[in-house]
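Comments concern the structure below.
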Amino acid sequence: MTLVVAAPWYLRNYYYTRNPVFPFLPQVFGYTFWTAEDVKGLVQDMQLYGVGRSLPALLSMPWHLAFISRFFCR
């Protein structure tokens, strides 16, 4: 049943990228869209947002998402 529901998505992915499970397993299907510089830039951008990476920050995330959303969007 799951395959029946997911098949259109897999076919679409295969049509556009030649990888039915895009963006996973690019090494198996022989391509990559990301350079080392791309990944480094994205990681740096992700570190600009959020409330921290500690357990208290994780536990307070629902509160911040609901009431103090400025931490997550700029």
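In the structure tokens, chains take letters A, B, ... by order of appearance, with residues numbered from 1 within each chain and ligands from 1 in the order shown.
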Mind checking which residues fall within 12 Å of Gly50 of chain A, counting only C-alpha atoms, ignoring those fewer than 5 positions away in the same chain, and posting them as JSON, numbers by chain?
{"A": [45, 57, 58, 60, 61, 62, 64, 65, 68, 69, 70, 71, 72, 73, 74]}
Identify, on the basis of only C-alpha atoms, every residue whose closest approach to Pro8 of chain A does not exceed 12 Å; exclude the query and any residue fewer than 6 positions from it along the same chain; express the result as an NGL selection string.
:A and (2 or 14-15 or 20-21)
Just how far from atom CA of Arg12 of chain A is atom CA of Tyr31 of chain A, in Å to one decimal?
17.4 Å
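Closest to Phe22 of chain A among A:Tyr10, A:Thr35, A:Tyr49, A:Leu3 is A:Tyr10, based on only C-alpha atoms.
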Quick one, how far is atom CA of Leu11 of chain A from atom CA of Phe24 of chain A?
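We find that atom CA of Leu11 of chain A and atom CA of Phe24 of chain A lie 14.7 Å from each other.
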